[in-house]
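Participant: I'd like to ask some things about the structure below.
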Amino acid sequence: MANVEIQKNQTELSFVILAGGKSRRMGVDKCLLSFLGKPLIERIIDIVDPISNELFIVANDAKLNYLNLRIVNDNIAGLGALGGLYTALLEAKNEFVSVVGCDLPFISKDIILEAYRIIQSTQADVVIPKTSQGYFEPLHAIYRRDTCKEAILTVISKGERRLISWFSAVKVVEMDNVLCESLDPEGIAFLNINTQADYNFAEEIANKKLNKTAP
């Protein structure tokens, strides 16, 4: 299993936070939504920064300049998460890249670091969790920068917008649900916030976790 005690600069891993979404269902900007008293994006940064060798944000306005992180605009606008992923791979300095969403309050370092270990020890281009329902979780995956970048550009040129539409062109290693559940026993890593109900549910979980750890 991954060594979750791995420290900053001990990886060759770029983390990129996608923060360019329109938050239409939520009605307010999700990345700046207060979660346990701080903007949600700051919670994400707190989780991934200790294990990143590089950390930057893909966003299309200046709202996040206060974070003092590098912010880049989508290289190809209007493609949603696929465009954000392509931009992340285009701008990352490291061979291995993890792209995470700003609306995932329980991002799992354990899952990401295990994916990183697997991609280092295999010839995989993508290592990605897959749930028991058969869904890929591309915002907990590790991508091999150059191979994936070229594959994505090819499908973009054909008009594709689905986030995993290019997987058939690269070598993908799946992390099955048994492995993921062993690393995320509470089953909350992939919980994302799209609506007010999602937000209320996630904060309720977070508050319960805080109360359990309180002295």
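Residue numbering restarts at 1 in every chain; chains get A, B, ... in the order shown in the structure tokens, and ligands count up from 1 in that same order.
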Please provide as a PyMOL selection string all residues within 9 Å of Asp103 in chain A, with the sequence filter that same-chain residues fewer than 6 positions apart are discarded (counting only C-alpha atoms).

Facilitator: chain A and resi 19+30-31+40-41+44+191-194

Participant: Using DSSP on the backbone coordinates, identify the residues of range 48-215 of chain A assigned to strand (DSSP E or B); present them as a list of chain:residue names.

Facilitator: A:Glu54, A:Leu55, A:Phe56, A:Ile57, A:Val58, A:Arg70, A:Ile71, A:Val72, A:Phe96, A:Val97, A:Ser98, A:Val99, A:Val100, A:Gly101, A:Val126, A:Val127, A:Ile128, A:Pro129, A:Lys130, A:Phe136, A:Ile142, A:Tyr143, A:Arg144, A:Val172, A:Val173, A:Glu174, A:Met175

Participant: Pick out the closest residue to Thr122 in chain A from this set: A:Val173, A:Leu139, A:Ile156, A:Ile107. Count only C-alpha atoms.

Facilitator: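 Result for the nearest residue to Thr122 in chain A: A:Val173.
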
Participant: From the list A:Val48, A:Leu55, A:Ile164, A:Leu113, which residue is nearest Cys180 in chain A when using only C-alpha atoms?

Facilitator: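 Among A:Val48, A:Leu55, A:Ile164, A:Leu113, it is A:Leu113 that comes nearest to Cys180 in chain A.
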
Participant: Given the choices A:Phe35, A:Phe136, A:Phe96, A:Trp166, which gets closest to Thr154 in chain A if the distance is worked out from only C-alpha atoms?

Facilitator: A:Trp166

Participant: From a backbone DSSP assignment, name each residue in range 69-198 of chain A labelled alpha helix (DSSP H), as number ranges by chain.

Facilitator: A: 80-91, 109-121, 145-157, 177-183, 196-198

Participant: Fewer than 3 positions away in the same chain doesn't count, so skip those; otherwise give me all residues within 12 Å of Lys109 in chain A, counting only C-alpha atoms, as a PyMOL selection string.

Facilitator: chain A and resi 1-7+15+44-52+98+100+105-106+112-116+139-142+180+183-184+189-190

Participant: Calculate how many Å separate CA of Gly159 in chain A from CA of Ala81 in chain A, rounding to one decimal.

Facilitator: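 Value for the CA of Gly159 in chain A-CA of Ala81 in chain A distance: 14.0 Å.
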
Participant: Let me make sure I understand: among A:Leu33, A:Asp146, A:Arg162, A:Leu18, which one has the smallest atom-to-atom distance to Asn73 in chain A if we use only C-alpha atoms?

Facilitator: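 Checking each candidate against Asn73 in chain A, we get A:Leu18 as the closest.
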
Participant: In Å, rounded to a single decimal, give me how far CA of Gly187 in chain A is from CA of Gly134 in chain A.

Facilitator: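 CA of Gly187 in chain A lies 15.1 Å from CA of Gly134 in chain A.
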
Participant: Which residue gives the smallest distance to Arg161 in chain A among A:Gly20, A:Gly80, A:Leu36, A:Ser14, with only C-alpha atoms counted?

Facilitator: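 For Arg161 in chain A, the nearest of the candidates is A:Gly80.
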
Participant: Return the single residue from A:Glu160, A:Asp29, A:Glu150, A:Asp61 that is closest to Leu79 in chain A, with distances computed using only C-alpha atoms.

Facilitator: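 Ranking A:Glu160, A:Asp29, A:Glu150, A:Asp61 by distance to Leu79 in chain A, first place goes to A:Glu160.
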
Participant: CA of Asp198 in chain A to CA of Leu89 in chain A: how many Å, to one decimal?

Facilitator: 29.3 Å
